[in-house]
Structures are given as C-alpha cells and as structure tokens.
Amino acid sequence: MIKFLLKGVLRDKNKSLLPIFVVTLGVFLTVLFHSWMTGILEQSIEFNAQFSTGHVKVVTNAYFENKDQKPNDLALINVEEIKKKLKNDYPEMVWAERILFGGLIDAPDEKGETKAQGPAAGFGIDMLSEGSKEIDRFNLEKSLKTGSLPNKRNEILISHDFFQKLGIKLGDPVTLISSTMYGGMAFYNFTVAGTVEFGSAAMDRGSIIADIQDVRQALNMEDATGELLGFFKNDYFDQEKADRIIADFNSKYNDPEDEFSPLMVSLRDQSNMAMFVDFADAMGGVISAIFIIAMSLVLWNAGLLGGLRRYGEFGVRLAIGEEKNHLYKTLIYESLIVGIIGSVIGSVAGIGLSVYLENHGFDTSGMMKDATIMMPTVFKAKVTTASYYLGFIPGVLSTTIGSMLAGIGIYKRQTAQLFKQLET
Amino acid sequence: MKQLSILLFLIITSLTGSSQNLTGDQIIEKVDQNMSSENQVFTSKMIVHGRRGDRTIGSKTYAVGEKKAFTEYLYPEREAGTKMLKLEDKLWIYSPSTDRTIQIAGHMLRQSVMGSDMSYEDMMEDATLRDKYNTEIIGSETINGRNCWVLSLTAVVEDVNYYKRKVWIDKERYVPLKEELFAKSGTLLKRTELSNVKEIEGRWFPTRIVFKDMLKKGEGTEFIIEDIKFNVDIPKYLMTKASLRK
C-alpha cells in the first residue's frame with residue numbers, strides 16, 4: 001500500500017507539491033536557524049575565551065580574588081615548572097602565558113624630554129616564539145593598521161588612535177612607566193613596530209601589545225606570569241572536560257590556605273561568562289524551541305489544510321465504498337510520506353547551507369566599523385547533532401498530526417448524506 | 001621622602017623648658033620654629049615587608065630645607081642608579097635602564113615608592129601643617145615608656161592628602177613617636193611608628209620608622225636611617241635636573 005500511496009503522492013502534484021514545499025521550507029529554516037544561533041553563541045564564547053578567559057585559566061588564589069584589578073603583584077611564579085606539570089597531566093590542552101598591565105606611555109622629544117604621555121592598557125603575550133598561536137588569538141594580523149608585527153625584542157604594537165594622539169612615528173622609541181611585580185616603579189623602552197585597530201573603542205583608546213619576555217623584564221617578573229590560559233586543542237570549549245581537568249588540577253596543586261597557590265578556574269568563572277554561557281544555552285534552546293513550535297504550527301496547519309482540501313475526494317471515496325478506517329489510514333500514510341520527503345529535503349538543504357556557513361562564515365566587518373564592543377567580525381554557523389533531528393522530527397510529526405486531526409472529520413460523515421454533499 | 005621630612009621636621013624640634021601649658025597650635029608652631037637644620041645628608045635602607053617576602057632598598061638623600069631633595073638609590077642592582085629630584089612642588093625620576101628623566105605628576109604621584117607603603121604624594125606633601133590643619137590636643141598617652149601628647153589635626157583646606165591626622169609627640173623630646181592618617185570618611189589610611197630615638201648632633205632623632213599603608217596587605221615598610229649629617233655642604237648642581245643623568 002505504501003508503494004501505491006508513494007506513487008500517488010509523487011504523481012499527483014496538486015496533492016503533494018504545496019505540502020512538501022511547506023514542510024521543506026519549515027524544516028530548512030528550523031535547521032538553519034538552530035545551526036546559526038548555536039554558531040553565533042558558541043563563537044561569542046570562544047571569542048572571549050581566545051581573547052581573555054581561556055577555556056581554563058591558572059592564576060594564584062589571591063589574583064583570582066582580585067581578578068578585576070589584574071594585580072601582577074599577586075602573579076604566579078615558577079611558571080615553567082607549572083607549565084611542565086600542565087603539559088604532562090593534560091596533553092589535550094595548550095597553554096599560553098599572559099601579563100595584563102597598566103601604565104603610562106611616555107613619548108620623548110629629540111632631547112629625551114616628555115613630548116606626550118597617555119595612559120595605556122598593556123597585554124604581554126607570546127609573539128616571538130615559534131609556533132605561538134597568540135597572534136591568531138588576538139587577530140593581530142587582521143587588526144594591523146600600519147607597520148608590521150613585532151619580530152624582535154623590545155618592539156610593540158600600539159593602538160592606532162593612541163599612536164596618533166601621541167604624535168609619534170613608526171620606529172620611534174616610547175617609554176613604559178608602570179609598576180613592577182613588587183610594587184616599585186618600572187621604566188622600559190620600546191620601539192613602535194606597528195599600529196593596530198580592533199574596532200572596539202575600549203581597545204583602541206590606549207592599548208599596547210608587547211612580547212611577554214619584554215614585559216617580564218620591564219615588570220621584574222622573571223619566570224612569572226599574571227595568567228596562564230589553557231585552550232582545548234580543538235579550539236572548542238567543553239564544559240564537562242574542563243570541569244574534570246579543573247577538579248583534578250586543584251585537588252593536586254591548589255592549597256586554599258596559601259594565597260599564592262595556583263588555582264585553575266573555568267571560562268565560566270570569569271568575566272560574567274557563567275551568566276553568558278547559561279544565557280547562551282538557555283536562549284539557544286528557548287529561541288530554537290519558539291521557532292520549532294511556530295514551524296510546527298505552520299506545518300500542522302498545512303496538514304489540516306491538506307486534509308480539508310481533499311474533503312470532496314474523501315466523499316467520493318466513501319461513496320464508492322472505501323472504508324473509513326482505510327481512508328483515514330491512507331491519509332495518515334500520505335501525510336507521513338509528505339512529511340518525510342519534505343523533512344529530508346529541508347534537513348539536507350538546511351544542513352548544507354549551515355555547513356557552508358560553518359566553513360565560510362558571514363563577514364560583518366563592514367558593518368562593525370564603529371562597534372564599541374569586542375565582537376567577532378565573521379559569524380559562522382555550527383552544525384550539531386541536533387541539527388539533524390531538530391527540524392526533521394517536527395517536520396514529520398506536525399504534518400502527520402495535522403492530517404490526523406483533519407482526518408477525524410472522515411468518521412463524522414454520513415453515507416446517506418454523501419451524494420447530497422457531492423451535489424452541492 | 002616628604003612625609004619623612006615632616007616627621008624629621010617634627011623630630012628635630014626638641015625643646016626644653018615648660019611645655020605643659022602649650023596649645024596644639026603652639027606645639028606645632030614650636031616644632032616649626034625649631035626646624036634648625038638648613039640641610040641634611042642621610043644614608044638609609046628601606047625594608048619593604050611585602051606579601052611575597054622582604055626587599056631591602058638602599059639610598060642616599062641630600063635635602064636642602066623642605067623644598068629640595070635629591071635621592072640616589074644604591075641597591076639592589078635593579079634599582080641602583082635610579083635617582084629622584086624634588087624641586088619645590090615638582091618631582092622627577094631618572095631611570096638608568098632607559099636613560100630617561102620623567103616627571104612624576106598626576107595620578108602617578110599615588111604610586112608606591114619602590115613598592116613601599118609610602119607614595120610619591122606622601123613624599124611631596126608640604127610640611128607646613130599649621131596653615132592647613134587645625135590642631136588640638138586631645139589627650140596624653142604613653143608610647144614605649146615615653147609620655148606623649150596626642151594631637152588631632154583636622155584639615156582646614158581642601159588640597160591635603162589626608163583630612164585628619166593624629167600625632168603622638170614625646171612631651172620631653174618633642175619627637176613624634178606615632179602618626180595616624182585618616183580619610184574624610186574616618187578610614188585609617190596610614191600609620192607611622194617611630195622608634196630607636198638617638199641623640200645625634202644635639203637632636204633627638206628616631207632612626208627607625210615603620211610605615212604601614214592600612215589598605216595594603218603586608219607588614220609595612222621599615223625605614224632605617226643608618227647615617228645622618230646636618231648642615232653639611234651640598235653642591236648646588238645636585239639640585240638641578242642635569243644632575244640626574246650624571
């Protein structure tokens with residue numbers, strides 16, 4: 001019977017084309033929307049991870065207590081030893097040291113006197129080691145406005161606006177005035193190698209980016225770092241894995257009584273990321289659910305309409321002696337076939353476009369020129385396991401249930417009145 | 001350094017004779033009047049008891065009156081050769097590693113001096129407390145077996161670093177033995193304790209001063225005067241910016 005019905009569905013375009021189109025469109029939009037939302041939310045989390053929080057981070061107990069101040073006097077020491085342990089214990093992760101610091105950048109005139117001065121927010125990252133991924137994590141190549149990335153010691157990048165405000169040229173020396181790890185005043189000369197523009201007012205106001213070895217020397221932080229960031233090698237945050245690693249590390253190496261003992265924290269524990277991750281999870285689910293419900297209603301309605309549209313046909317079939325149960329069954333089977341065909345086409349198309357957007361993304365850099373928050377400029381979708389069933393199941397079920405409801409009317413029809421109804 | 005100067009200024013006003021009937025202002029006035037040293041040269045070490053351990057920083061200071069001072073840091077290696085020059089209300093610092101002379105101004109003045117519990121702002125503070133504070137004797141207390149007046153100084157002008165001060169002054173030697181500095185809200189910001197009072201060139205002089213920034217963790221900063229000479233010849237060029245790079 002299925003084969004017969006399938007032929008009917010495929011050959012009778014009037015009966016199948018519109019319902020299949022509606023189901024396909026609904027499923028396609030559901031899959032695409034889900035993949036797109038998942039991609040954007042995960043990307044925002046990942047962007048924060050790359051730039052600031054890591055997937056996990058190792059700091060001292062005291063540093064974490066005062067994390068908003070980025071207090072380098074509470075920095076981690078014996079970093080090489082800690083890194084050795086981390087690499088050995090957690091081979092699935094890579095580690096990056098960072099020192100965040102504040103200070104003044106002082107630009108001298110020809111006589112060495114202060115020509116201009118301004119407050120700076122500094123990032124000490126590994127820019128010179130072979131194989132370091134920090135330049136990519138900070139998106140420095142794309143953010144470079146003039147000059148070049150530092151390729152030797154004592155060279156820095158400076159935000160373009162700040163560079164212009166100081167009235168300096170590429171290759172000019174500038175002096176960093178800051179605090180050492182021990183609280184003393186620190187002075188260090190740098191040469192400006194290039195300027196960067198991140199597209200964020202906060203970052204573009206007064207950022208400097210230097211190699212971590214220079215920052216260590218400047219701030220008297222030999223074998224020390226403010227933060228030690230850990231990233232999963234596949235570049236995606238996995239809360240469960242992260243929790244397992246954190247629990248293991250802290251049970252082995254953290255002493256809550258020692259303020260300088262290393263403490264590992266998750267992305268969730270920093271910069272209100274817990275709220276954001278939960279929000280992303282909740283909102284991704286809620287938005288997808290709302291969309292799925294809406295699409296289900298549309299598809300259900302399509303099923304109902306399909307059933308009602310064939311009111312006359314059912315009358316004839318009943319009149320020529322087809323049983324009501326058989327008629328109802330064939331209606332449901334036909335809807336099921338329509339639902340499956342539409343859902344398969346919709347899912348394939350939705351996943352196909354999502355895969356394309358996952359690989360190529362949607363570049364919004366042109367629209368983000370004046371953005372005042374740090375955001376990724378290329379948005380990408382993400383195909384998850386859910387992408388394969390989130391559209392398919394409602395696509396099949398709602399069409400079928402719609403037809404089932406519409407088909408109930410078959411049992412209410414009286415044989416005696418069929419011809420009278422058909423005459424009208 | 002300036003805060004130290006204030007303390008030294010108070011210290012060197014050792015008075016004799018009856019002083020029991022003096023008012024707070026008169027005590028401070030006498031302290032002002034008895035500021036007898038035209039200049040001084042002292043070698044000192046500063047032991048910073050930080051959260052991670054102790055650091056000792058040695059320096060030699062040349063001071064002319066209250067307005068001019070030149071300090072060269074002698075050790076440790078990282079700080080050696082760093083020089084500071086105070087001329088009136090301006091402060092410059094020279095860093096040998098960068099060969100730059102930078103004027104310390106604005107919010108930089110709030111930074112700690114070499115990681116100690118003292119700020120540059122403390123160093124720059126004007127010693128003439130009488131013009132800026134209303135002084136009142138609020139009691140007597142004994143510190144380390146010495147009878148002291150307890151003076152309360154409340155600011156009468158806006159541009160002061162500390163709204164209120166409480167100073168314990170040795171009644172016999174006119175040496176301050178303790179000082180507490182308060183914010184307008186009443187929060188205790190800094191505490192200074194002076195001890196090892198010695199008679200040097202006819203003056204009673206504390207040679208150990210402990211500064212404690214009450215908002216910082218740690219055990220405070222010890223300032224130990226190892227050697228001090230008064231009224232010695234200080235070359236004039238030392239009090240010029242050019243001397244910083246020499």
# chains A, B, ... in the order shown; residues from 1 in each chain; ligands from 1
call {"tool": "interface_residues", "arguments": {"of": "chain A", "to": "chain B", "cutoff": "12 Å", "atoms": "only C-alpha atoms", "output": "PyMOL selection string"}}
result
chain A and resi 62+72-77+102-119+154+173-190+217-220+258-261
call {"tool": "select_by_dssp", "arguments": {"residues": "region 180-283 of chain A", "states": "strand (DSSP E)", "output": "PyMOL selection string"}}
result
chain A and resi 185-196+207-211+224-225+227-232+262-266
call {"tool": "select_by_dssp", "arguments": {"residues": "region 24-160 of chain B", "states": "alpha helix (DSSP H)", "output": "PyMOL selection string"}}
result
chain B and resi 24-33+120-124+129-132
call {"tool": "residues_around", "arguments": {"residues": "Lys184 (chain B)", "least_positions_apart": "5", "cutoff": "8 Å", "atoms": "only C-alpha atoms", "output": "ChimeraX atom specification"}}
result
/B:162-164
call {"tool": "residues_around", "arguments": {"residues": "region 195-209 of chain A", "least_positions_apart": "4", "cutoff": "10 Å", "atoms": "only C-alpha atoms", "output": "MDAnalysis selection string"}}
result
chainID A and resid 100:102 104:105 118:127 138:150 155:165 169:170 176 215 365 368:375 377
call {"tool": "residues_around", "arguments": {"residues": "Gly350 (chain A)", "least_positions_apart": "6", "cutoff": "7 Å", "atoms": "only C-alpha atoms", "output": "list in words"}}
result
Phe28, Leu29, Val31 and Leu32 of chain A
call {"tool": "write_last_selection", "arguments": {"atoms": "C-alpha atoms", "output": "mmCIF file, in the first residue's frame"}}
result
data_model
loop_
_atom_site.group_PDB
_atom_site.id
_atom_site.type_symbol
_atom_site.label_atom_id
_atom_site.label_comp_id
_atom_site.auth_asym_id
_atom_site.auth_seq_id
_atom_site.Cartn_x
_atom_site.Cartn_y
_atom_site.Cartn_z
ATOM 1 C CA PHE A 28 15.055 24.131 6.241
ATOM 2 C CA LEU A 29 14.505 27.312 8.269
ATOM 3 C CA VAL A 31 17.726 23.626 10.852
ATOM 4 C CA LEU A 32 19.429 26.764 9.545
#
call {"tool": "residues_around", "arguments": {"residues": "Phe64 (chain A)", "least_positions_apart": "6", "cutoff": "10 Å", "atoms": "only C-alpha atoms", "output": "CSV table (one decimal) with N, CA and C atoms, in the first residue's frame"}}
result
chain,number,residue,atom,x,y,z
A,57,LYS,N,41.9,28.7,33.1
A,57,LYS,CA,42.9,29.7,33.4
A,57,LYS,C,43.5,29.3,34.8
A,58,VAL,N,44.9,29.4,34.8
A,58,VAL,CA,45.5,29.2,36.1
A,58,VAL,C,46.1,30.5,36.6
A,70,LYS,N,43.5,42.9,37.9
A,70,LYS,CA,44.7,42.2,37.2
A,70,LYS,C,45.9,42.5,38.0
A,71,PRO,N,46.0,42.1,39.3
A,71,PRO,CA,47.1,42.5,40.1
A,71,PRO,C,48.3,41.7,39.9
A,74,LEU,N,50.4,39.8,42.6
A,74,LEU,CA,49.8,38.5,43.1
A,74,LEU,C,50.0,37.5,42.0
A,75,ALA,N,51.0,37.7,41.1
A,75,ALA,CA,51.1,36.8,39.9
A,75,ALA,C,51.6,35.4,40.3
A,227,GLU,N,48.6,35.5,34.3
A,227,GLU,CA,47.6,34.4,34.0
A,227,GLU,C,48.2,33.4,33.1
A,259,GLU,N,47.8,32.0,49.7
A,259,GLU,CA,47.3,32.9,48.7
A,259,GLU,C,48.0,32.9,47.4
A,262,PRO,N,48.7,28.0,43.0
A,262,PRO,CA,48.0,28.0,41.8
A,262,PRO,C,46.5,27.5,41.8
A,263,LEU,N,45.6,28.2,41.2
A,263,LEU,CA,44.2,27.8,41.2
A,263,LEU,C,43.8,27.8,39.7
A,264,MET,N,43.1,26.7,39.4
A,264,MET,CA,42.6,26.6,38.0
A,264,MET,C,41.1,27.0,38.0
A,265,VAL,N,40.7,27.8,37.1
A,265,VAL,CA,39.3,28.2,37.0
A,265,VAL,C,38.8,28.0,35.6
A,269,ASP,N,33.9,30.8,35.2
A,269,ASP,CA,34.1,31.6,36.5
A,269,ASP,C,34.7,33.0,36.3
A,270,GLN,N,34.8,33.4,35.0
A,270,GLN,CA,35.4,34.7,34.8
A,270,GLN,C,34.5,35.6,34.0
